[in-house]
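Source file protein.pdb; content: PDB, C-alpha atoms (C1' of nucleotides).
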```
ATOM      1  CA  MET A   1      43.174 182.619 -18.032
ATOM      2  CA  GLU A   2      43.806 183.047 -14.348
ATOM      3  CA  TYR A   3      41.914 179.945 -13.297
ATOM      4  CA  ALA A   4      43.988 177.793 -15.597
ATOM      5  CA  CYS A   5      47.183 179.112 -14.012
ATOM      6  CA  LEU A   6      45.850 178.452 -10.542
ATOM      7  CA  ALA A   7      45.076 174.869 -11.517
ATOM      8  CA  LEU A   8      48.526 174.434 -13.005
ATOM      9  CA  ILE A   9      50.140 175.754  -9.847
ATOM     10  CA  GLU A  10      48.160 173.235  -7.873
ATOM     11  CA  LEU A  11      49.237 170.453 -10.231
ATOM     12  CA  ALA A  12      52.844 171.596 -10.060
ATOM     13  CA  GLY A  13      52.713 171.475  -6.271
ATOM     14  CA  CYS A  14      51.754 167.788  -6.335
ATOM     15  CA  TYR A  15      53.948 166.884  -9.258
ATOM     16  CA  GLN A  16      56.261 164.498  -7.446
ATOM     17  CA  ASP A  17      53.340 162.585  -5.914
ATOM     18  CA  ALA A  18      52.835 160.719  -9.206
ATOM     19  CA  GLU A  19      49.148 160.570  -8.302
ATOM     20  CA  PRO A  20      46.721 162.287 -10.656
ATOM     21  CA  LEU A  21      44.819 165.242  -9.208
ATOM     22  CA  GLN A  22      41.096 165.352  -9.755
ATOM     23  CA  ILE A  23      39.120 168.305 -11.036
ATOM     24  CA  ARG A  24      36.977 168.346  -7.927
ATOM     25  CA  GLN A  25      39.976 168.645  -5.646
ATOM     26  CA  ILE A  26      41.572 171.470  -7.588
ATOM     27  CA  ALA A  27      38.275 173.308  -7.854
ATOM     28  CA  ALA A  28      37.638 173.001  -4.130
ATOM     29  CA  GLN A  29      41.158 174.109  -3.265
ATOM     30  CA  GLN A  30      41.104 177.187  -5.479
ATOM     31  CA  HIS A  31      37.397 178.011  -5.212
ATOM     32  CA  ILE A  32      36.747 177.594  -8.906
ATOM     33  CA  PRO A  33      33.513 176.177 -10.376
ATOM     34  CA  ASP A  34      34.457 172.651 -11.337
ATOM     35  CA  ARG A  35      32.385 172.472 -14.515
ATOM     36  CA  TYR A  36      34.235 175.465 -15.866
ATOM     37  CA  LEU A  37      37.625 174.228 -14.786
ATOM     38  CA  GLU A  38      36.918 171.068 -16.736
ATOM     39  CA  GLN A  39      36.855 173.046 -19.979
ATOM     40  CA  LEU A  40      40.053 174.872 -19.168
ATOM     41  CA  LEU A  41      41.869 171.644 -18.410
ATOM     42  CA  ALA A  42      40.580 170.200 -21.665
ATOM     43  CA  THR A  43      42.142 173.141 -23.495
ATOM     44  CA  LEU A  44      45.398 172.669 -21.629
ATOM     45  CA  ARG A  45      45.349 168.995 -22.519
ATOM     46  CA  ARG A  46      44.825 169.766 -26.200
ATOM     47  CA  GLY A  47      47.749 172.159 -25.904
ATOM     48  CA  GLY A  48      49.920 169.405 -24.484
ATOM     49  CA  LEU A  49      50.466 171.032 -21.097
ATOM     50  CA  VAL A  50      48.715 168.390 -19.010
ATOM     51  CA  ARG A  51      47.867 164.734 -19.414
ATOM     52  CA  SER A  52      44.646 163.142 -18.280
ATOM     53  CA  GLN A  53      43.836 159.752 -16.870
ATOM     54  CA  ARG A  54      40.277 158.669 -17.452
ATOM     55  CA  GLY A  55      38.113 156.350 -15.451
ATOM     56  CA  ALA A  56      37.929 155.799 -11.727
ATOM     57  CA  LYS A  57      40.926 157.136  -9.794
ATOM     58  CA  GLY A  58      41.757 159.243 -12.818
ATOM     59  CA  GLY A  59      42.660 162.912 -12.938
ATOM     60  CA  TYR A  60      45.245 165.248 -14.351
ATOM     61  CA  VAL A  61      49.009 165.394 -14.222
ATOM     62  CA  LEU A  62      51.450 167.907 -15.567
ATOM     63  CA  ALA A  63      52.853 166.761 -18.907
ATOM     64  CA  GLN A  64      56.257 168.321 -18.216
ATOM     65  CA  ASP A  65      58.350 169.217 -15.223
ATOM     66  CA  PRO A  66      57.170 172.385 -13.469
ATOM     67  CA  TRP A  67      60.358 174.303 -14.245
ATOM     68  CA  GLN A  68      59.998 173.631 -17.950
ATOM     69  CA  VAL A  69      56.613 175.295 -18.308
ATOM     70  CA  SER A  70      56.510 179.078 -18.500
ATOM     71  CA  LEU A  71      53.478 181.295 -18.140
ATOM     72  CA  LEU A  72      54.001 182.229 -21.755
ATOM     73  CA  ASP A  73      53.333 178.635 -22.762
ATOM     74  CA  VAL A  74      50.093 178.740 -20.835
ATOM     75  CA  PHE A  75      49.086 181.950 -22.536
ATOM     76  CA  HIS A  76      49.846 180.725 -25.998
ATOM     77  CA  CYS A  77      47.856 177.620 -25.252
ATOM     78  CA  LEU A  78      44.804 179.535 -24.054
ATOM     79  CA  GLU A  79      44.808 182.411 -26.499
ATOM     80  CA  GLY A  80      43.454 180.166 -29.199
ATOM     81  CA  GLY A  81      46.744 179.528 -30.956
ATOM     82  CA  GLU A  82      46.723 182.643 -33.129
ATOM     83  CA  VAL A  83      46.877 185.868 -31.129
ATOM     84  CA  GLY A  84      48.106 188.823 -33.116
ATOM     85  CA  SER A  85      46.804 187.403 -36.367
ATOM     86  CA  SER A  86      43.350 188.916 -36.005
ATOM     87  CA  GLN A  87      43.733 190.732 -39.264
ATOM     88  CA  ASP A  88      40.538 191.951 -40.931
ATOM     89  CA  ASP A  89      42.036 192.664 -44.334
ATOM     90  CA  ARG A  90      38.654 193.884 -45.411
ATOM     91  CA  THR A  91      39.226 195.948 -48.559
ATOM     92  CA  GLY A  92      42.950 195.792 -47.797
ATOM     93  CA  GLN A  93      43.128 198.995 -45.741
ATOM     94  CA  GLN A  94      46.804 199.029 -44.842
ATOM     95  CA  THR A  95      47.583 202.653 -44.114
ATOM     96  CA  ALA A  96      51.014 203.534 -42.801
ATOM     97  CA  GLU A  97      49.444 204.568 -39.510
ATOM     98  CA  ARG A  98      47.812 201.220 -39.028
ATOM     99  CA  SER A  99      50.943 199.217 -39.636
ATOM    100  CA  VAL A 100      52.927 201.469 -37.295
ATOM    101  CA  MET A 101      50.324 200.960 -34.618
ATOM    102  CA  ARG A 102      50.546 197.224 -35.087
ATOM    103  CA  GLU A 103      54.291 197.486 -34.671
ATOM    104  CA  ILE A 104      53.957 199.292 -31.381
ATOM    105  CA  TRP A 105      51.362 196.900 -30.103
ATOM    106  CA  GLN A 106      53.626 194.064 -31.086
ATOM    107  CA  GLU A 107      56.479 195.626 -29.124
ATOM    108  CA  ALA A 108      54.314 196.054 -26.070
ATOM    109  CA  GLU A 109      53.076 192.504 -26.315
ATOM    110  CA  THR A 110      56.597 191.230 -26.707
ATOM    111  CA  ALA A 111      57.643 193.103 -23.585
ATOM    112  CA  MET A 112      54.817 191.440 -21.717
ATOM    113  CA  CYS A 113      55.715 188.040 -23.099
ATOM    114  CA  THR A 114      59.330 188.275 -21.977
ATOM    115  CA  VAL A 115      58.088 188.890 -18.462
ATOM    116  CA  LEU A 116      55.822 185.871 -18.634
ATOM    117  CA  GLU A 117      58.500 183.792 -20.260
ATOM    118  CA  ARG A 118      60.839 183.847 -17.307
ATOM    119  CA  GLN A 119      58.210 182.722 -14.837
ATOM    120  CA  THR A 120      57.922 178.960 -14.679
ATOM    121  CA  LEU A 121      55.329 177.021 -12.743
ATOM    122  CA  GLN A 122      58.025 176.053 -10.280
ATOM    123  CA  ASP A 123      58.740 179.733  -9.646
ATOM    124  CA  LEU A 124      55.084 180.316  -8.928
ATOM    125  CA  VAL A 125      54.902 177.423  -6.491
ATOM    126  CA  ASP A 126      57.944 178.778  -4.687
ATOM    127  CA  ARG A 127      56.464 182.238  -4.527
ATOM    128  CA  CYS A 128      53.252 180.827  -3.135
ATOM    129  CA  ASN A 129      55.099 179.030  -0.397
ATOM    130  CA  ALA A 130      57.066 182.151   0.434
ATOM    131  CA  CYS A 131      53.821 184.054   0.521
ATOM    132  CA  ARG A 132      52.242 181.603   2.932
ATOM    133  CA  GLN A 133      55.330 181.728   5.135
ATOM    134  CA  ALA A 134      55.036 185.475   5.335
ATOM    135  CA  ASP A 135      51.397 185.101   6.295
ATOM    136  CA  LEU A 136      52.314 182.831   9.154
ATOM    137  CA  MET A 137      54.925 185.313  10.395
ATOM    138  CA  TYR A 138      52.132 187.793  10.662
ATOM    139  CA  TYR A 139      50.376 185.657  13.232
ATOM    140  CA  ILE A 140      53.321 185.605  15.640
TER
ATOM    141  CA  MET B   1      41.906 202.015 -28.358
ATOM    142  CA  GLU B   2      43.654 201.680 -31.651
ATOM    143  CA  TYR B   3      41.288 204.033 -33.464
ATOM    144  CA  ALA B   4      41.949 206.780 -30.962
ATOM    145  CA  CYS B   5      45.679 206.480 -31.555
ATOM    146  CA  LEU B   6      45.209 206.667 -35.302
ATOM    147  CA  ALA B   7      43.198 209.829 -34.910
ATOM    148  CA  LEU B   8      45.824 211.327 -32.630
ATOM    149  CA  ILE B   9      48.542 210.536 -35.138
ATOM    150  CA  GLU B  10      46.532 212.309 -37.770
ATOM    151  CA  LEU B  11      46.067 215.301 -35.491
ATOM    152  CA  ALA B  12      49.738 215.334 -34.601
ATOM    153  CA  GLY B  13      50.647 215.377 -38.264
ATOM    154  CA  CYS B  14      48.662 218.567 -38.828
ATOM    155  CA  TYR B  15      49.605 220.114 -35.527
ATOM    156  CA  GLN B  16      51.560 223.069 -36.925
ATOM    157  CA  ASP B  17      48.766 223.967 -39.331
ATOM    158  CA  ALA B  18      46.823 225.531 -36.444
ATOM    159  CA  GLU B  19      43.667 224.543 -38.328
ATOM    160  CA  PRO B  20      41.281 222.200 -36.545
ATOM    161  CA  LEU B  21      40.756 218.803 -38.132
ATOM    162  CA  GLN B  22      37.200 217.539 -38.546
ATOM    163  CA  ILE B  23      35.966 214.122 -37.535
ATOM    164  CA  ARG B  24      34.838 213.385 -41.067
ATOM    165  CA  GLN B  25      38.283 213.985 -42.473
ATOM    166  CA  ILE B  26      40.042 211.838 -39.904
ATOM    167  CA  ALA B  27      37.482 209.081 -40.295
ATOM    168  CA  ALA B  28      37.793 209.112 -44.081
ATOM    169  CA  GLN B  29      41.586 209.158 -43.937
ATOM    170  CA  GLN B  30      41.856 206.259 -41.504
ATOM    171  CA  HIS B  31      38.756 204.331 -42.586
ATOM    172  CA  ILE B  32      37.099 204.543 -39.209
ATOM    173  CA  PRO B  33      33.333 204.840 -38.678
ATOM    174  CA  ASP B  34      32.911 208.529 -37.963
ATOM    175  CA  ARG B  35      30.086 208.212 -35.456
ATOM    176  CA  TYR B  36      32.261 205.957 -33.343
ATOM    177  CA  LEU B  37      35.308 208.132 -33.664
ATOM    178  CA  GLU B  38      33.230 210.979 -32.327
ATOM    179  CA  GLN B  39      32.820 209.191 -29.006
ATOM    180  CA  LEU B  40      36.487 208.382 -28.749
ATOM    181  CA  LEU B  41      37.440 211.980 -29.369
ATOM    182  CA  ALA B  42      34.930 213.058 -26.732
ATOM    183  CA  THR B  43      36.697 210.786 -24.268
ATOM    184  CA  LEU B  44      40.073 212.183 -25.260
ATOM    185  CA  ARG B  45      38.716 215.693 -24.817
ATOM    186  CA  ARG B  46      37.446 214.890 -21.314
ATOM    187  CA  GLY B  47      40.885 213.461 -20.612
ATOM    188  CA  GLY B  48      42.475 216.722 -21.714
ATOM    189  CA  LEU B  49      44.387 215.273 -24.648
ATOM    190  CA  VAL B  50      42.590 217.208 -27.383
ATOM    191  CA  ARG B  51      40.613 220.421 -27.602
ATOM    192  CA  SER B  52      37.497 220.887 -29.687
ATOM    193  CA  GLN B  53      36.266 223.863 -31.656
ATOM    194  CA  ARG B  54      32.528 223.869 -32.215
ATOM    195  CA  GLY B  55      30.514 225.376 -35.001
ATOM    196  CA  ALA B  56      31.348 225.905 -38.648
ATOM    197  CA  LYS B  57      35.024 225.347 -39.457
ATOM    198  CA  GLY B  58      35.357 223.613 -36.122
ATOM    199  CA  GLY B  59      37.101 220.383 -35.369
ATOM    200  CA  TYR B  60      39.750 218.991 -33.083
ATOM    201  CA  VAL B  61      43.276 220.033 -32.203
ATOM    202  CA  LEU B  62      45.893 218.462 -30.014
ATOM    203  CA  ALA B  63      45.915 220.050 -26.570
ATOM    204  CA  GLN B  64      49.690 219.599 -26.185
ATOM    205  CA  ASP B  65      52.710 219.340 -28.397
ATOM    206  CA  PRO B  66      53.019 215.945 -30.084
ATOM    207  CA  TRP B  67      56.278 215.103 -28.354
ATOM    208  CA  GLN B  68      54.733 215.662 -24.939
ATOM    209  CA  VAL B  69      52.037 213.033 -25.310
ATOM    210  CA  SER B  70      52.985 209.401 -24.793
ATOM    211  CA  LEU B  71      50.941 206.388 -25.758
ATOM    212  CA  LEU B  72      50.678 205.638 -22.081
ATOM    213  CA  ASP B  73      48.778 208.883 -21.584
ATOM    214  CA  VAL B  74      46.358 207.812 -24.272
ATOM    215  CA  PHE B  75      45.877 204.466 -22.633
ATOM    216  CA  HIS B  76      45.303 205.857 -19.196
ATOM    217  CA  CYS B  77      42.796 208.236 -20.688
ATOM    218  CA  LEU B  78      40.866 205.493 -22.442
ATOM    219  CA  GLU B  79      41.041 202.783 -19.807
ATOM    220  CA  GLY B  80      38.447 204.565 -17.753
ATOM    221  CA  GLY B  81      40.754 206.100 -15.169
ATOM    222  CA  GLU B  82      40.763 203.151 -12.752
ATOM    223  CA  VAL B  83      42.389 200.080 -14.237
ATOM    224  CA  GLY B  84      43.685 197.640 -11.663
ATOM    225  CA  SER B  85      40.829 198.211  -9.227
ATOM    226  CA  SER B  86      38.702 195.383 -10.575
ATOM    227  CA  GLN B  87      38.991 193.254  -7.479
ATOM    228  CA  ASP B  88      35.973 191.127  -6.691
ATOM    229  CA  ASP B  89      36.665 190.448  -3.025
ATOM    230  CA  ARG B  90      33.648 188.185  -2.967
ATOM    231  CA  THR B  91      33.775 186.183   0.254
ATOM    232  CA  GLY B  92      37.369 187.303   0.704
ATOM    233  CA  GLN B  93      38.990 184.401  -1.158
ATOM    234  CA  GLN B  94      42.587 185.543  -1.025
ATOM    235  CA  THR B  95      44.583 182.385  -1.487
ATOM    236  CA  ALA B  96      48.333 182.662  -1.816
ATOM    237  CA  GLU B  97      48.052 181.489  -5.421
ATOM    238  CA  ARG B  98      45.636 184.234  -6.326
ATOM    239  CA  SER B  99      47.739 187.048  -4.911
ATOM    240  CA  VAL B 100      50.844 185.686  -6.604
ATOM    241  CA  MET B 101      49.003 185.621  -9.906
ATOM    242  CA  ARG B 102      47.983 189.233  -9.414
ATOM    243  CA  GLU B 103      51.600 190.133  -8.766
ATOM    244  CA  ILE B 104      52.700 188.575 -12.039
ATOM    245  CA  TRP B 105      49.957 190.235 -13.995
ATOM    246  CA  GLN B 106      50.948 193.542 -12.478
ATOM    247  CA  GLU B 107      54.549 192.996 -13.521
ATOM    248  CA  ALA B 108      53.521 192.170 -17.060
ATOM    249  CA  GLU B 109      51.315 195.240 -17.267
ATOM    250  CA  THR B 110      54.100 197.435 -15.957
ATOM    251  CA  ALA B 111      56.463 196.078 -18.585
ATOM    252  CA  MET B 112      53.944 196.945 -21.275
ATOM    253  CA  CYS B 113      53.425 200.429 -19.879
ATOM    254  CA  THR B 114      57.125 201.253 -19.920
ATOM    255  CA  VAL B 115      57.184 200.419 -23.604
ATOM    256  CA  LEU B 116      54.206 202.649 -24.284
ATOM    257  CA  GLU B 117      55.626 205.393 -22.146
ATOM    258  CA  ARG B 118      58.607 206.090 -24.355
ATOM    259  CA  GLN B 119      56.566 206.418 -27.536
ATOM    260  CA  THR B 120      55.276 209.923 -28.129
ATOM    261  CA  LEU B 121      52.885 210.971 -30.835
ATOM    262  CA  GLN B 122      55.752 212.707 -32.592
ATOM    263  CA  ASP B 123      57.626 209.421 -32.718
ATOM    264  CA  LEU B 124      54.648 207.767 -34.316
ATOM    265  CA  VAL B 125      54.308 210.479 -36.938
ATOM    266  CA  ASP B 126      57.983 210.109 -37.777
ATOM    267  CA  ARG B 127      57.665 206.362 -38.026
ATOM    268  CA  CYS B 128      54.685 206.770 -40.338
ATOM    269  CA  ASN B 129      56.622 209.023 -42.626
ATOM    270  CA  ALA B 130      59.557 206.648 -42.653
ATOM    271  CA  CYS B 131      57.141 203.855 -43.420
ATOM    272  CA  ARG B 132      55.664 205.731 -46.355
ATOM    273  CA  GLN B 133      59.130 206.557 -47.661
ATOM    274  CA  ALA B 134      59.995 202.899 -47.603
ATOM    275  CA  ASP B 135      56.822 202.166 -49.524
ATOM    276  CA  LEU B 136      57.808 204.655 -52.212
ATOM    277  CA  MET B 137      61.244 203.087 -52.471
ATOM    278  CA  TYR B 138      59.497 199.892 -53.267
ATOM    279  CA  TYR B 139      57.985 201.400 -56.389
ATOM    280  CA  ILE B 140      61.329 202.351 -57.886
TER
ATOM    281  C1'  DA C   1      27.880 145.654 -13.698
ATOM    282  C1'  DC C   2      28.647 149.853 -11.586
ATOM    283  C1'  DA C   3      30.373 153.994 -10.139
ATOM    284  C1'  DA C   4      33.974 157.316 -10.540
ATOM    285  C1'  DA C   5      36.103 160.079 -13.318
ATOM    286  C1'  DC C   6      37.052 162.366 -17.783
ATOM    287  C1'  DC C   7      35.031 164.000 -22.498
ATOM    288  C1'  DC C   8      32.205 166.720 -25.649
ATOM    289  C1'  DC C   9      28.805 169.971 -27.346
ATOM    290  C1'  DA C  10      25.746 173.559 -26.760
ATOM    291  C1'  DC C  11      23.676 177.209 -24.415
ATOM    292  C1'  DC C  12      23.093 181.352 -21.111
ATOM    293  C1'  DG C  13      24.072 185.929 -19.086
ATOM    294  C1'  DG C  14      26.566 189.868 -18.301
ATOM    295  C1'  DA C  15      30.190 193.150 -19.521
ATOM    296  C1'  DA C  16      32.824 195.597 -22.651
ATOM    297  C1'  DA C  17      33.865 197.152 -27.283
ATOM    298  C1'  DA C  18      32.174 198.629 -31.647
ATOM    299  C1'  DC C  19      28.725 200.934 -33.957
ATOM    300  C1'  DC C  20      24.553 203.778 -35.379
ATOM    301  C1'  DG C  21      20.676 207.618 -34.898
ATOM    302  C1'  DG C  22      18.484 211.558 -33.278
ATOM    303  C1'  DA C  23      17.744 215.682 -30.862
ATOM    304  C1'  DG C  24      20.175 219.547 -29.215
ATOM    305  C1'  DT C  25      23.503 223.631 -29.253
ATOM    306  C1'  DA C  26      27.386 226.552 -30.257
ATOM    307  C1'  DT C  27      29.788 229.021 -33.916
ATOM    308  C1'  DA C  28      30.822 231.244 -38.401
ATOM    309  C1'  DC C  29      29.380 233.612 -42.153
ATOM    310  C1'  DC C  30      26.152 236.180 -44.928
TER
ATOM    311  C1'  DG D   1      19.248 237.889 -37.393
ATOM    312  C1'  DG D   2      19.102 233.672 -40.098
ATOM    313  C1'  DT D   3      21.004 229.702 -41.847
ATOM    314  C1'  DA D   4      24.283 226.177 -42.537
ATOM    315  C1'  DT D   5      27.897 223.793 -40.372
ATOM    316  C1'  DA D   6      29.468 220.637 -37.163
ATOM    317  C1'  DC D   7      30.326 219.493 -32.499
ATOM    318  C1'  DT D   8      27.697 217.416 -28.038
ATOM    319  C1'  DC D   9      24.981 214.512 -25.433
ATOM    320  C1'  DC D  10      22.051 210.588 -24.864
ATOM    321  C1'  DG D  11      20.315 206.401 -25.995
ATOM    322  C1'  DG D  12      19.994 201.911 -28.527
ATOM    323  C1'  DT D  13      21.870 197.886 -31.183
ATOM    324  C1'  DT D  14      25.178 194.454 -32.541
ATOM    325  C1'  DT D  15      29.263 191.732 -31.753
ATOM    326  C1'  DT D  16      32.588 189.508 -29.007
ATOM    327  C1'  DC D  17      34.534 187.517 -25.015
ATOM    328  C1'  DC D  18      34.583 185.417 -20.467
ATOM    329  C1'  DG D  19      32.692 183.004 -16.702
ATOM    330  C1'  DG D  20      29.415 179.651 -15.822
ATOM    331  C1'  DT D  21      25.857 175.777 -16.382
ATOM    332  C1'  DG D  22      23.504 171.565 -18.352
ATOM    333  C1'  DG D  23      22.980 167.239 -20.400
ATOM    334  C1'  DG D  24      24.530 163.964 -22.358
ATOM    335  C1'  DG D  25      28.467 160.165 -23.586
ATOM    336  C1'  DT D  26      32.887 157.284 -22.928
ATOM    337  C1'  DT D  27      36.667 155.187 -20.444
ATOM    338  C1'  DT D  28      38.409 152.707 -16.510
ATOM    339  C1'  DG D  29      39.156 150.371 -11.921
ATOM    340  C1'  DT D  30      36.895 147.343  -8.648
TER
END
```

Give the structure from this file in structure tokens form.
Amino acid sequence: MEYACLALIELAGCYQDAEPLQIRQIAAQQHIPDRYLEQLLATLRRGGLVRSQRGAKGGYVLAQDPWQVSLLDVFHCLEGGEVGSSQDDRTGQQTAERSVMREIWQEAETAMCTVLERQTLQDLVDRCNACRQADLMYYI
Amino acid sequence: MEYACLALIELAGCYQDAEPLQIRQIAAQQHIPDRYLEQLLATLRRGGLVRSQRGAKGGYVLAQDPWQVSLLDVFHCLEGGEVGSSQDDRTGQQTAERSVMREIWQEAETAMCTVLERQTLQDLVDRCNACRQADLMYYI
DNA sequence: ACAAACCCCACCGGAAAACCGGAGTATACC
DNA sequence: GGTATACTCCGGTTTTCCGGTGGGGTTTGT
């Protein structure tokens, strides 16, 4: 979840370099176990968020421009495709209370999604830079 | 999480009866395993949301009026008290990316909470009744 | 050919949620 | 008081998810 976003931020930061970033580099930069990150990037690739270049000098590149990818896209990609469709339907227990609860949960989730929707990878990169700037100010 | 809310809705619906509701009844009504519901209600009791009456003819009653309890209260009660304090802090890896990600997550959570905050138990009961009415309409 | 990189599948371990079971203990009612 | 009711506390089991690891295989540039 979080690791995938960190990797994407890293990729977005080097987007204009046109050089693929390797798993090892991202993992070292963000202090993430590389073997695990590999799986996450595979998921992101299957979701069409990144493209991979195999072989020597290979690596990963963002499939789209950083300002076209929202955090919501990342979430939908990671959450297995179907999120709120975890219906049991066992014996068809559809009490009024249950459906109302689902409604509320849906509303809450939607509220969360709208927040994530208006945060693109570019925004995150910018915020990171601003954050680092502030850190430097602290030193002076 | 969800089960606790269902139970509270049930309790809110019988609030004016001044008769305590038993676990068995709630469990049967909402198709929840009763032994599990027992634990949830114990948590809600410790959180001050419900009161329990022991012995024969005992059961549970809402501790406050249904319109004074929001879903957010329920959540805070169930989420163990401390929610956002799950920081690892292992080796102090506080990269700019990580703190930015935490910020976003916080924002998303806040958005969800504000939705939950303006839904009281009374609202849910009303919505349930409206839902059932609509179901009856369907029959005609 | 060879090494650097991605690719795939399967497993492990811990944490949390969901779910029982049993031994108490308080209360109502006779 | 005695008994039945029904909550209370404590522990154990199963399931699920996430982070993490291992051991292969396949593609690609030099």

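Any residue of chain A with an atom no more than 7 Å from chain D counts as a contact; using all atoms listed in the file, that gives Tyr36, Arg54, Gly55 and Ala56 of chain A.
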
Expansion of the PyMOL selection byres ((chain A) within 10 of (chain C)) into residues, as an mmCIF file with C-alpha atoms, in the coordinates of the input:
```cif
data_model
loop_
_atom_site.group_PDB
_atom_site.id
_atom_site.type_symbol
_atom_site.label_atom_id
_atom_site.label_comp_id
_atom_site.auth_asym_id
_atom_site.auth_seq_id
_atom_site.Cartn_x
_atom_site.Cartn_y
_atom_site.Cartn_z
ATOM 1 C CA GLN A 22 41.096 165.352 -9.755
ATOM 2 C CA ILE A 23 39.120 168.305 -11.036
ATOM 3 C CA ARG A 24 36.977 168.346 -7.927
ATOM 4 C CA GLU A 38 36.918 171.068 -16.736
ATOM 5 C CA GLN A 39 36.855 173.046 -19.979
ATOM 6 C CA ALA A 42 40.580 170.200 -21.665
ATOM 7 C CA SER A 52 44.646 163.142 -18.280
ATOM 8 C CA GLN A 53 43.836 159.752 -16.870
ATOM 9 C CA ARG A 54 40.277 158.669 -17.452
ATOM 10 C CA GLY A 55 38.113 156.350 -15.451
ATOM 11 C CA ALA A 56 37.929 155.799 -11.727
ATOM 12 C CA LYS A 57 40.926 157.136 -9.794
ATOM 13 C CA GLY A 58 41.757 159.243 -12.818
ATOM 14 C CA GLY A 59 42.660 162.912 -12.938
ATOM 15 C CA TYR A 60 45.245 165.248 -14.351
#
```

Find the nearest atom pair between each residue of chain B and chain A for residues within 7 Å, count only C-alpha atoms, give distances in Å to one decimal, sort rows by chain and ascending number, and present the table as JSON lines.
```
{"residue": "B:Leu6", "atom": "CA", "partner": "A:Glu97", "partner_atom": "CA", "distance": 6.3}
{"residue": "B:Ala96", "atom": "CA", "partner": "A:Cys128", "partner_atom": "CA", "distance": 5.4}
{"residue": "B:Glu97", "atom": "CA", "partner": "A:Cys128", "partner_atom": "CA", "distance": 5.7}
{"residue": "B:Val100", "atom": "CA", "partner": "A:Cys128", "partner_atom": "CA", "distance": 6.4}
{"residue": "B:Ala108", "atom": "CA", "partner": "A:Met112", "partner_atom": "CA", "distance": 4.9}
{"residue": "B:Glu109", "atom": "CA", "partner": "A:Met112", "partner_atom": "CA", "distance": 6.8}
{"residue": "B:Ala111", "atom": "CA", "partner": "A:Met112", "partner_atom": "CA", "distance": 5.8}
{"residue": "B:Met112", "atom": "CA", "partner": "A:Ala108", "partner_atom": "CA", "distance": 4.9}
{"residue": "B:Val115", "atom": "CA", "partner": "A:Ala108", "partner_atom": "CA", "distance": 5.8}
{"residue": "B:Leu116", "atom": "CA", "partner": "A:Ala108", "partner_atom": "CA", "distance": 6.8}
{"residue": "B:Arg127", "atom": "CA", "partner": "A:Val100", "partner_atom": "CA", "distance": 6.9}
{"residue": "B:Cys128", "atom": "CA", "partner": "A:Ala96", "partner_atom": "CA", "distance": 5.5}
{"residue": "B:Cys131", "atom": "CA", "partner": "A:Ala96", "partner_atom": "CA", "distance": 6.2}
{"residue": "B:Arg132", "atom": "CA", "partner": "A:Ala96", "partner_atom": "CA", "distance": 6.3}
```

Query raised in the report: To one decimal place, how far is atom CA of Pro20 of chain B from atom CA of Val50 of chain B in Å?
Result: 10.5 Å

What does the PyMOL selection byres ((chain B and resi 67) around 12) select in this file, as a PDB file with C-alpha atoms, in the coordinates of the input?
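To be explicit, this is the file written out as result.pdb:
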```pdb
ATOM      1  CA  LEU B   8      45.824 211.327 -32.630  1.00  0.00           C
ATOM      2  CA  ILE B   9      48.542 210.536 -35.138  1.00  0.00           C
ATOM      3  CA  ALA B  12      49.738 215.334 -34.601  1.00  0.00           C
ATOM      4  CA  GLY B  13      50.647 215.377 -38.264  1.00  0.00           C
ATOM      5  CA  TYR B  15      49.605 220.114 -35.527  1.00  0.00           C
ATOM      6  CA  LEU B  62      45.893 218.462 -30.014  1.00  0.00           C
ATOM      7  CA  ALA B  63      45.915 220.050 -26.570  1.00  0.00           C
ATOM      8  CA  GLN B  64      49.690 219.599 -26.185  1.00  0.00           C
ATOM      9  CA  ASP B  65      52.710 219.340 -28.397  1.00  0.00           C
ATOM     10  CA  PRO B  66      53.019 215.945 -30.084  1.00  0.00           C
ATOM     11  CA  GLN B  68      54.733 215.662 -24.939  1.00  0.00           C
ATOM     12  CA  VAL B  69      52.037 213.033 -25.310  1.00  0.00           C
ATOM     13  CA  SER B  70      52.985 209.401 -24.793  1.00  0.00           C
ATOM     14  CA  LEU B  71      50.941 206.388 -25.758  1.00  0.00           C
ATOM     15  CA  ASP B  73      48.778 208.883 -21.584  1.00  0.00           C
ATOM     16  CA  GLU B 117      55.626 205.393 -22.146  1.00  0.00           C
ATOM     17  CA  ARG B 118      58.607 206.090 -24.355  1.00  0.00           C
ATOM     18  CA  GLN B 119      56.566 206.418 -27.536  1.00  0.00           C
ATOM     19  CA  THR B 120      55.276 209.923 -28.129  1.00  0.00           C
ATOM     20  CA  LEU B 121      52.885 210.971 -30.835  1.00  0.00           C
ATOM     21  CA  GLN B 122      55.752 212.707 -32.592  1.00  0.00           C
ATOM     22  CA  ASP B 123      57.626 209.421 -32.718  1.00  0.00           C
ATOM     23  CA  LEU B 124      54.648 207.767 -34.316  1.00  0.00           C
ATOM     24  CA  VAL B 125      54.308 210.479 -36.938  1.00  0.00           C
ATOM     25  CA  ASP B 126      57.983 210.109 -37.777  1.00  0.00           C
TER      26      ASP B 126
END
```

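Reported to one decimal place, the separation of atom CA of Ala4 of chain B from atom CA of Glu103 of chain A is 15.9 Å.
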